[in-house]
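> Okay, handing you the structure first.
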Amino acid sequence: MNPPRTDARRHHDPQVRGFASDNYAGAHPEVLAALALANGGHQVAYGEDEYTENLQRIVRSHFGGTAEAFPVFNGTGANVVALQAVTDRWGAVICAESAHINVDEGGAPERMGGLKLLTVPTPDGKLTPELIDRQAYGWDDEHRAMPQVVSITQSTELGTLYTPDEIRAICEHAHAHGMKVHLDGSRIANAAASLDVPMRTFTNAVGVDILSLGGTKNGAVFGEAVVVINQDAVSHMKHLRKLSMQLASKMRFVSVQLEALLAKDLWLRNARHANEMAQRLAEGVRAVDGVEILHPVQANGVFARLPHDVSLRLQKRFRFYFWDEAAGDVRWMCAFDTTEDDVDAFVAALKEEMAR
C-alpha cells in the first residue's frame with residue numbers, strides 16, 4: 001500500500017543542532033510509531049479511550065497504587081492545574097526564586113491559577129526545610145496569602161538534583177505545617193537516570209502529594225500529565241483540568257506518547273543519553289581556559305560563565321540562551337538526540353571563539 005500523499009514540505013535542515021533547550025529536539029521514533037499505532041478508527045473522546053485507561057496502569061507501576069494520571073497539553077498547564085488542585089482561593093505556594101513557575105511561565109500560576117507565589121532565594125535551585133521557613137508563617141493572618149503548598153523541581157532549573165532523603169525531609173516539614181508538596185517533574189526522567197533510582201523513590205515513597213510528569217523534553221511531540229498521588233489532597237481534578245483549558249478531546253494521542261515512554265524503558269534510555277551528553281559537554285568545557293562551570297552537572301544541563309562577546313559569536317554558530325546576560329551566564333542543554341559529534345563540534349567552536 002502506498003503511503004498517503006501529503007503536500008507538506010520540510011522547512012528545516014535536520015542536521016542543524018543546538019544547545020538551547022531539550023524542547024528543540026524532535027520526537028523519538030518510538031513515540032512517532034506509537035502515535036501511528038493509536039491512529040485509525042474511533043475512540044471515545046476526552047479521556048475515556050483505551051490508551052488513557054492503560055496509561056493509568058503504567059503510571060501506578062511507577063508511582064504507586066493510588067496514583068492517577070490526568071494528561072494535559074503542556075508543562076505550564078500541568079503546573080497550574082496541579083497547584084490549583086491543592087490550594088484554596090486564598091492559598092499561596094512556596095517555591096525557589098529560580099523555579100520555572102516563577103520565572104518562565106508568564107505569570108500563569110498567578111494570573112490564570114489565582115495563586116500567590118512566595119519565593120525564596122536559593123544558591124543551587126533547591127529548597128530546604130530551613131529555607132521553606134522563611135515563607136512558612138502567617139496562616140492565621142488575613143492580610144497575608146496562606147502558605148498551603150511547597151513546590152520543588154526535580155531536576156531543578158539550575159540542573160541540580162534533590163536526593164530522596166532531601167525530598168523526604170521537605171515533605172515531612174511541609175506536612176507538619178499542614179502544607180502539601182508539589183513536584184515539577186518536567187525533567188523527572190533525567191533526575192531518576194542520574195540518581196539511578198526509580199521515580200517512585202523520590203516521589204510517592206517520600207511523601208510527594210502531586211506532581212507534573214514531563215514528556216515533551218524527553219522525546220514526546222507534546223503532552224505532560226498531572227499525577228495525583230495523594231487522593232485526599234485534591235478534589236475535582238476533572239473539572240479543574242477542563243476549566244484550565246487542558247482537556248484534550250483526542251486524548252489518546254497524548255496518552256499513547258506517555259505510554260510509549262513509560263511502559264518499558266524508553267524514558268530512561270532517553271534521559272540517560274541526554275545526561276551522558278551533558279557530562280561529555282562539561283568535560284570538554286572544563287578544558288577551556290576562561291570558562292567557568294557554575295553548578296554541578298547532575299542532569300542534562302550545563303551552566304557556565306564566559307565572556308559576553310564570546311557568547312554572542314558562539315550563538316551565531318549554535319543556538320543557546322543566556323541565563324543571566326549581565327553576569328555572562330549561559331545555559332547549554334542536551335537532549336535525547338544530542339550526539340557525541342554535536343558536543344565535540346560545539347566544544348571546538350567554543351575553543352575557537354575563546355582564542356579570538
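Ordering of the C-alpha cells sets the chain letters (A, B, ...), residue numbers begin anew at 1 in every chain, and ligands are numbered from 1 in the order given.
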Residues at most 9 Å from A:Ala38, counting only C-alpha atoms, excluding those fewer than 3 positions away in the same chain, as a PyMOL selection string?
chain A and resi 33-35+41+51+252-253+256
> Can I get the selected residues back with N, CA and C atoms, as an mmCIF file, in the first residue's frame?

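Result saved to again_26.cif:
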```cif
data_model
loop_
_atom_site.group_PDB
_atom_site.id
_atom_site.type_symbol
_atom_site.label_atom_id
_atom_site.label_comp_id
_atom_site.auth_asym_id
_atom_site.auth_seq_id
_atom_site.Cartn_x
_atom_site.Cartn_y
_atom_site.Cartn_z
ATOM 1 N N ALA A 33 5.985 6.184 16.228
ATOM 2 C CA ALA A 33 5.378 4.899 15.866
ATOM 3 C C ALA A 33 4.148 4.626 16.731
ATOM 4 N N ALA A 34 4.207 5.000 17.994
ATOM 5 C CA ALA A 34 3.060 4.807 18.882
ATOM 6 C C ALA A 34 1.885 5.681 18.458
ATOM 7 N N LEU A 35 2.166 6.899 18.028
ATOM 8 C CA LEU A 35 1.096 7.771 17.539
ATOM 9 C C LEU A 35 0.407 7.158 16.327
ATOM 10 N N GLY A 41 -9.655 4.486 13.083
ATOM 11 C CA GLY A 41 -10.830 4.107 13.836
ATOM 12 C C GLY A 41 -11.264 5.184 14.807
ATOM 13 N N TYR A 51 -6.365 3.941 25.470
ATOM 14 C CA TYR A 51 -4.964 4.321 25.697
ATOM 15 C C TYR A 51 -4.819 5.057 27.029
ATOM 16 N N ARG A 252 -6.267 10.300 23.395
ATOM 17 C CA ARG A 252 -5.472 9.095 23.131
ATOM 18 C C ARG A 252 -4.106 9.436 22.563
ATOM 19 N N PHE A 253 -3.991 10.571 21.831
ATOM 20 C CA PHE A 253 -2.721 10.912 21.206
ATOM 21 C C PHE A 253 -1.731 11.535 22.196
ATOM 22 N N VAL A 256 -0.949 7.955 24.500
ATOM 23 C CA VAL A 256 -0.127 6.917 23.868
ATOM 24 C C VAL A 256 1.347 7.321 23.833
#
```
> Need the shell around stretch 181-197 of chain A: protein/DNA/RNA residues with any atom at most 8 Å away, counting only C-alpha atoms. Skip same-chain ones fewer than 2 positions apart. Format as a ChimeraX atom specification?
/A:75,79,82-83,149-155,161,163,171,174-175,179,199,201,203,207-215,217-218,267-268,271-272,274-275,298-300
> Those same residues, written as a short mmCIF file (atom, residue, chain, number, x, y, z; two decimals), in the first residue's frame with C-alpha atoms?

```cif
data_model
loop_
_atom_site.label_atom_id
_atom_site.label_comp_id
_atom_site.auth_asym_id
_atom_site.auth_seq_id
_atom_site.Cartn_x
_atom_site.Cartn_y
_atom_site.Cartn_z
CA GLY A 75 4.13 21.76 31.33
CA ASN A 79 1.80 23.00 36.93
CA ALA A 82 -1.72 20.70 39.86
CA LEU A 83 -1.21 23.74 42.06
CA VAL A 149 1.90 24.18 49.16
CA VAL A 150 5.63 23.71 48.76
CA SER A 151 6.63 23.30 45.12
CA ILE A 152 10.01 21.81 44.21
CA THR A 153 11.53 20.94 40.85
CA GLN A 154 13.37 17.71 40.06
CA SER A 155 15.78 18.21 38.38
CA LEU A 161 19.19 17.26 41.98
CA THR A 163 18.30 13.30 46.89
CA CYS A 171 7.68 16.56 52.69
CA ALA A 174 5.65 20.71 54.88
CA HIS A 175 3.14 18.16 56.10
CA MET A 179 1.06 22.06 53.68
CA MET A 199 10.95 7.66 40.04
CA THR A 201 11.97 6.61 45.21
CA THR A 203 8.00 10.88 44.84
CA GLY A 207 5.58 11.87 50.62
CA VAL A 208 5.04 13.94 47.45
CA ASP A 209 1.31 14.61 47.06
CA ILE A 210 1.05 15.62 43.41
CA LEU A 211 3.45 16.01 40.51
CA SER A 212 3.74 17.30 36.99
CA LEU A 213 5.06 14.49 34.80
CA GLY A 214 7.09 15.65 31.81
CA GLY A 215 7.06 14.05 28.39
CA LYS A 217 11.53 17.27 26.95
CA ASN A 218 12.18 13.53 26.87
CA TRP A 267 12.00 7.26 29.23
CA LEU A 268 15.15 6.03 30.98
CA ALA A 271 17.24 10.57 29.83
CA ARG A 272 20.45 8.64 30.39
CA ALA A 274 20.92 13.28 27.44
CA ASN A 275 22.67 13.21 30.82
CA GLN A 298 23.81 16.38 37.56
CA ALA A 299 21.21 16.13 34.79
CA ASN A 300 21.19 17.27 31.16
#
```
> Work out how far apart atom CA of A:Val228 and atom CA of A:Phe63 are and give it in Å to one decimal.
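According to the coordinates, atom CA of A:Val228 and atom CA of A:Phe63 are separated by 9.2 Å.
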> List as a ChimeraX atom specification the protein and nucleic acid residues near A:Ala27, meaning an atom at most 8 Å away when only C-alpha atoms are counted, but skip any in the same chain fewer than 3 places from it.
/A:31-32,219-221
> Name the residues of stretch 260-292 of chain A that come out as helix (DSSP H, G or I) in a backbone DSSP run; write them as a short mmCIF file (atom, residue, chain, number, x, y, z; two decimals) with all heavy atoms, in the first residue's frame.

```
data_model
loop_
_atom_site.label_atom_id
_atom_site.label_comp_id
_atom_site.auth_asym_id
_atom_site.auth_seq_id
_atom_site.Cartn_x
_atom_site.Cartn_y
_atom_site.Cartn_z
N ALA A 260 4.23 5.12 25.46
CA ALA A 260 5.43 4.70 24.74
C ALA A 260 6.69 4.98 25.55
O ALA A 260 7.64 4.19 25.57
CB ALA A 260 5.51 5.40 23.39
N LEU A 261 6.71 6.10 26.26
CA LEU A 261 7.87 6.45 27.07
C LEU A 261 7.98 5.59 28.32
O LEU A 261 9.06 5.14 28.69
CB LEU A 261 7.80 7.93 27.47
CG LEU A 261 8.06 8.96 26.37
CD1 LEU A 261 7.70 10.36 26.86
CD2 LEU A 261 9.52 8.92 25.93
N LEU A 262 6.84 5.36 29.00
CA LEU A 262 6.85 4.81 30.35
C LEU A 262 6.61 3.32 30.44
O LEU A 262 6.94 2.71 31.46
CB LEU A 262 5.79 5.52 31.20
CG LEU A 262 6.00 7.03 31.42
CD1 LEU A 262 4.76 7.62 32.07
CD2 LEU A 262 7.23 7.29 32.27
N LEU A 266 11.99 3.38 27.60
CA LEU A 266 12.36 4.46 26.68
C LEU A 266 12.63 5.75 27.44
O LEU A 266 13.57 6.48 27.13
CB LEU A 266 11.27 4.67 25.63
CG LEU A 266 11.54 5.77 24.60
CD1 LEU A 266 12.83 5.52 23.84
CD2 LEU A 266 10.35 5.89 23.63
N TRP A 267 11.80 6.05 28.43
CA TRP A 267 12.00 7.26 29.23
C TRP A 267 13.39 7.28 29.85
O TRP A 267 14.04 8.33 29.88
CB TRP A 267 10.94 7.35 30.33
CG TRP A 267 11.06 6.30 31.39
CD1 TRP A 267 10.58 5.02 31.34
CD2 TRP A 267 11.73 6.42 32.65
NE1 TRP A 267 10.89 4.33 32.49
CE2 TRP A 267 11.58 5.16 33.31
CE3 TRP A 267 12.41 7.44 33.29
CZ2 TRP A 267 12.12 4.92 34.58
CZ3 TRP A 267 12.95 7.21 34.55
CH2 TRP A 267 12.79 5.96 35.18
N LEU A 268 13.86 6.12 30.31
CA LEU A 268 15.15 6.03 30.98
C LEU A 268 16.29 6.08 29.98
O LEU A 268 17.31 6.74 30.21
CB LEU A 268 15.20 4.75 31.81
CG LEU A 268 16.39 4.56 32.74
CD1 LEU A 268 16.49 5.71 33.72
CD2 LEU A 268 16.27 3.24 33.48
N ARG A 269 16.14 5.38 28.87
CA ARG A 269 17.18 5.42 27.83
C ARG A 269 17.40 6.83 27.33
O ARG A 269 18.55 7.29 27.16
CB ARG A 269 16.79 4.51 26.67
CG ARG A 269 16.98 3.02 26.94
CD ARG A 269 16.75 2.20 25.68
NE ARG A 269 15.34 1.96 25.41
CZ ARG A 269 14.74 2.22 24.26
NH1 ARG A 269 15.43 2.75 23.26
NH2 ARG A 269 13.46 1.94 24.08
N ASN A 270 16.32 7.53 27.04
CA ASN A 270 16.43 8.90 26.53
C ASN A 270 17.11 9.80 27.55
O ASN A 270 18.00 10.60 27.21
CB ASN A 270 15.05 9.44 26.19
CG ASN A 270 14.48 8.86 24.92
OD1 ASN A 270 15.15 8.13 24.19
ND2 ASN A 270 13.23 9.18 24.63
N ALA A 271 16.69 9.70 28.80
CA ALA A 271 17.24 10.57 29.83
C ALA A 271 18.71 10.27 30.10
O ALA A 271 19.53 11.18 30.27
CB ALA A 271 16.42 10.43 31.11
N ARG A 272 19.05 9.00 30.16
CA ARG A 272 20.45 8.64 30.39
C ARG A 272 21.34 9.20 29.30
O ARG A 272 22.44 9.72 29.56
CB ARG A 272 20.60 7.12 30.46
CG ARG A 272 20.25 6.53 31.82
CD ARG A 272 20.36 5.02 31.79
NE ARG A 272 20.14 4.44 33.11
CZ ARG A 272 19.86 3.17 33.33
NH1 ARG A 272 19.78 2.31 32.31
NH2 ARG A 272 19.68 2.72 34.56
N HIS A 273 20.89 9.09 28.05
CA HIS A 273 21.71 9.58 26.95
C HIS A 273 21.89 11.09 27.05
O HIS A 273 23.02 11.59 26.88
CB HIS A 273 21.07 9.22 25.61
CG HIS A 273 21.84 9.75 24.44
ND1 HIS A 273 22.98 9.13 23.96
CD2 HIS A 273 21.66 10.86 23.68
CE1 HIS A 273 23.46 9.83 22.95
NE2 HIS A 273 22.68 10.89 22.76
N ALA A 274 20.81 11.82 27.31
CA ALA A 274 20.92 13.28 27.44
C ALA A 274 21.87 13.65 28.56
O ALA A 274 22.70 14.57 28.43
CB ALA A 274 19.54 13.88 27.67
N ASN A 275 21.77 12.95 29.70
CA ASN A 275 22.67 13.21 30.82
C ASN A 275 24.13 12.92 30.45
O ASN A 275 25.05 13.68 30.81
CB ASN A 275 22.29 12.34 32.02
CG ASN A 275 20.97 12.74 32.64
OD1 ASN A 275 20.34 13.72 32.23
ND2 ASN A 275 20.53 11.99 33.62
N GLU A 276 24.35 11.83 29.74
CA GLU A 276 25.71 11.47 29.33
C GLU A 276 26.30 12.53 28.40
O GLU A 276 27.50 12.86 28.49
CB GLU A 276 25.71 10.11 28.65
CG GLU A 276 25.47 8.95 29.61
CD GLU A 276 25.19 7.64 28.88
OE1 GLU A 276 25.21 7.65 27.63
OE2 GLU A 276 24.95 6.63 29.56
N MET A 277 25.48 13.08 27.52
CA MET A 277 25.97 14.12 26.62
C MET A 277 26.30 15.40 27.40
O MET A 277 27.26 16.10 27.06
CB MET A 277 24.95 14.40 25.53
CG MET A 277 24.75 13.25 24.54
SD MET A 277 26.28 12.74 23.66
CE MET A 277 26.77 11.31 24.65
N ALA A 278 25.53 15.69 28.44
CA ALA A 278 25.84 16.86 29.26
C ALA A 278 27.16 16.66 30.00
O ALA A 278 27.95 17.61 30.15
CB ALA A 278 24.71 17.11 30.25
N GLN A 279 27.41 15.44 30.48
CA GLN A 279 28.69 15.17 31.12
C GLN A 279 29.84 15.32 30.14
O GLN A 279 30.90 15.86 30.48
CB GLN A 279 28.68 13.76 31.71
CG GLN A 279 27.79 13.59 32.94
CD GLN A 279 28.26 14.40 34.14
OE1 GLN A 279 29.46 14.68 34.27
NE2 GLN A 279 27.34 14.78 35.00
N ARG A 280 29.64 14.84 28.92
CA ARG A 280 30.69 14.97 27.90
C ARG A 280 30.94 16.45 27.59
O ARG A 280 32.09 16.88 27.45
CB ARG A 280 30.25 14.24 26.62
CG ARG A 280 31.32 14.21 25.53
CD ARG A 280 30.82 13.49 24.29
NE ARG A 280 31.84 13.36 23.26
CZ ARG A 280 32.65 12.32 23.15
NH1 ARG A 280 32.57 11.32 24.00
NH2 ARG A 280 33.57 12.28 22.18
N LEU A 281 29.85 17.22 27.52
CA LEU A 281 30.00 18.65 27.27
C LEU A 281 30.74 19.33 28.42
O LEU A 281 31.64 20.15 28.19
CB LEU A 281 28.61 19.27 27.09
CG LEU A 281 28.55 20.78 26.91
CD1 LEU A 281 29.36 21.23 25.70
CD2 LEU A 281 27.09 21.23 26.78
N ALA A 282 30.38 18.98 29.64
CA ALA A 282 31.05 19.59 30.79
C ALA A 282 32.54 19.27 30.82
O ALA A 282 33.37 20.14 31.11
CB ALA A 282 30.38 19.12 32.09
N GLU A 283 32.87 18.04 30.51
CA GLU A 283 34.29 17.65 30.47
C GLU A 283 35.05 18.44 29.42
O GLU A 283 36.18 18.88 29.66
CB GLU A 283 34.41 16.15 30.19
CG GLU A 283 33.93 15.26 31.34
CD GLU A 283 33.87 13.80 30.95
OE1 GLU A 283 34.32 13.47 29.84
OE2 GLU A 283 33.37 12.99 31.75
N GLY A 284 34.44 18.63 28.27
CA GLY A 284 35.09 19.41 27.23
C GLY A 284 35.25 20.87 27.61
O GLY A 284 36.28 21.49 27.36
N VAL A 285 34.24 21.43 28.25
CA VAL A 285 34.25 22.84 28.63
C VAL A 285 35.28 23.10 29.72
O VAL A 285 35.95 24.15 29.73
CB VAL A 285 32.84 23.27 29.07
CG1 VAL A 285 32.88 24.63 29.76
CG2 VAL A 285 31.90 23.30 27.88
N ARG A 286 35.43 22.17 30.64
CA ARG A 286 36.39 22.36 31.73
C ARG A 286 37.82 22.53 31.22
O ARG A 286 38.66 23.11 31.92
CB ARG A 286 36.33 21.18 32.70
CG ARG A 286 35.07 21.15 33.56
CD ARG A 286 35.18 20.10 34.65
NE ARG A 286 33.93 20.02 35.42
CZ ARG A 286 33.00 19.11 35.24
NH1 ARG A 286 33.17 18.16 34.31
NH2 ARG A 286 31.90 19.11 35.96
#
```
> What lies within 12 Å of A:Ile94 using only C-alpha atoms, ignoring chain neighbours under 2 positions off, as number ranges by chain?
A: 83, 87, 91-92, 96-99, 101-102, 115-121, 126-129, 131-137, 145-153, 170, 174, 179-183
> What does the structure give for the distance between atom CA of A:Gly64 and atom CA of A:His177, in Å to one decimal?
24.5 Å
> Using only C-alpha atoms for the distances, tell me which of A:Asp324, A:Gly125, A:Met251, A:Trp90 is nearest to A:Trp139.
A:Trp90
> So how many Å separate atom CA of A:Ala205 and atom CA of A:Gly65, to one decimal?
11.5 Å
> So that I can check the surroundings of A:Val291, please list as a PDB file with C-alpha atoms, in the first residue's frame every protein, DNA and RNA residue that reaches within 10 Å of it, counting only C-alpha atoms and ignoring chain neighbours fewer than 6 positions away.

```
ATOM      1  CA  VAL A 285      34.254  22.838  28.629  1.00  0.00           C
ATOM      2  CA  ALA A 304      28.633  28.295  32.530  1.00  0.00           C
ATOM      3  CA  ARG A 305      30.117  31.777  32.631  1.00  0.00           C
ATOM      4  CA  LEU A 306      32.227  33.147  29.792  1.00  0.00           C
ATOM      5  CA  PRO A 307      32.947  36.497  28.156  1.00  0.00           C
ATOM      6  CA  LEU A 350      33.904  27.373  21.889  1.00  0.00           C
ATOM      7  CA  LYS A 351      37.679  26.954  21.887  1.00  0.00           C
ATOM      8  CA  MET A 354      37.719  31.922  23.135  1.00  0.00           C
TER       9      MET A 354
END
```
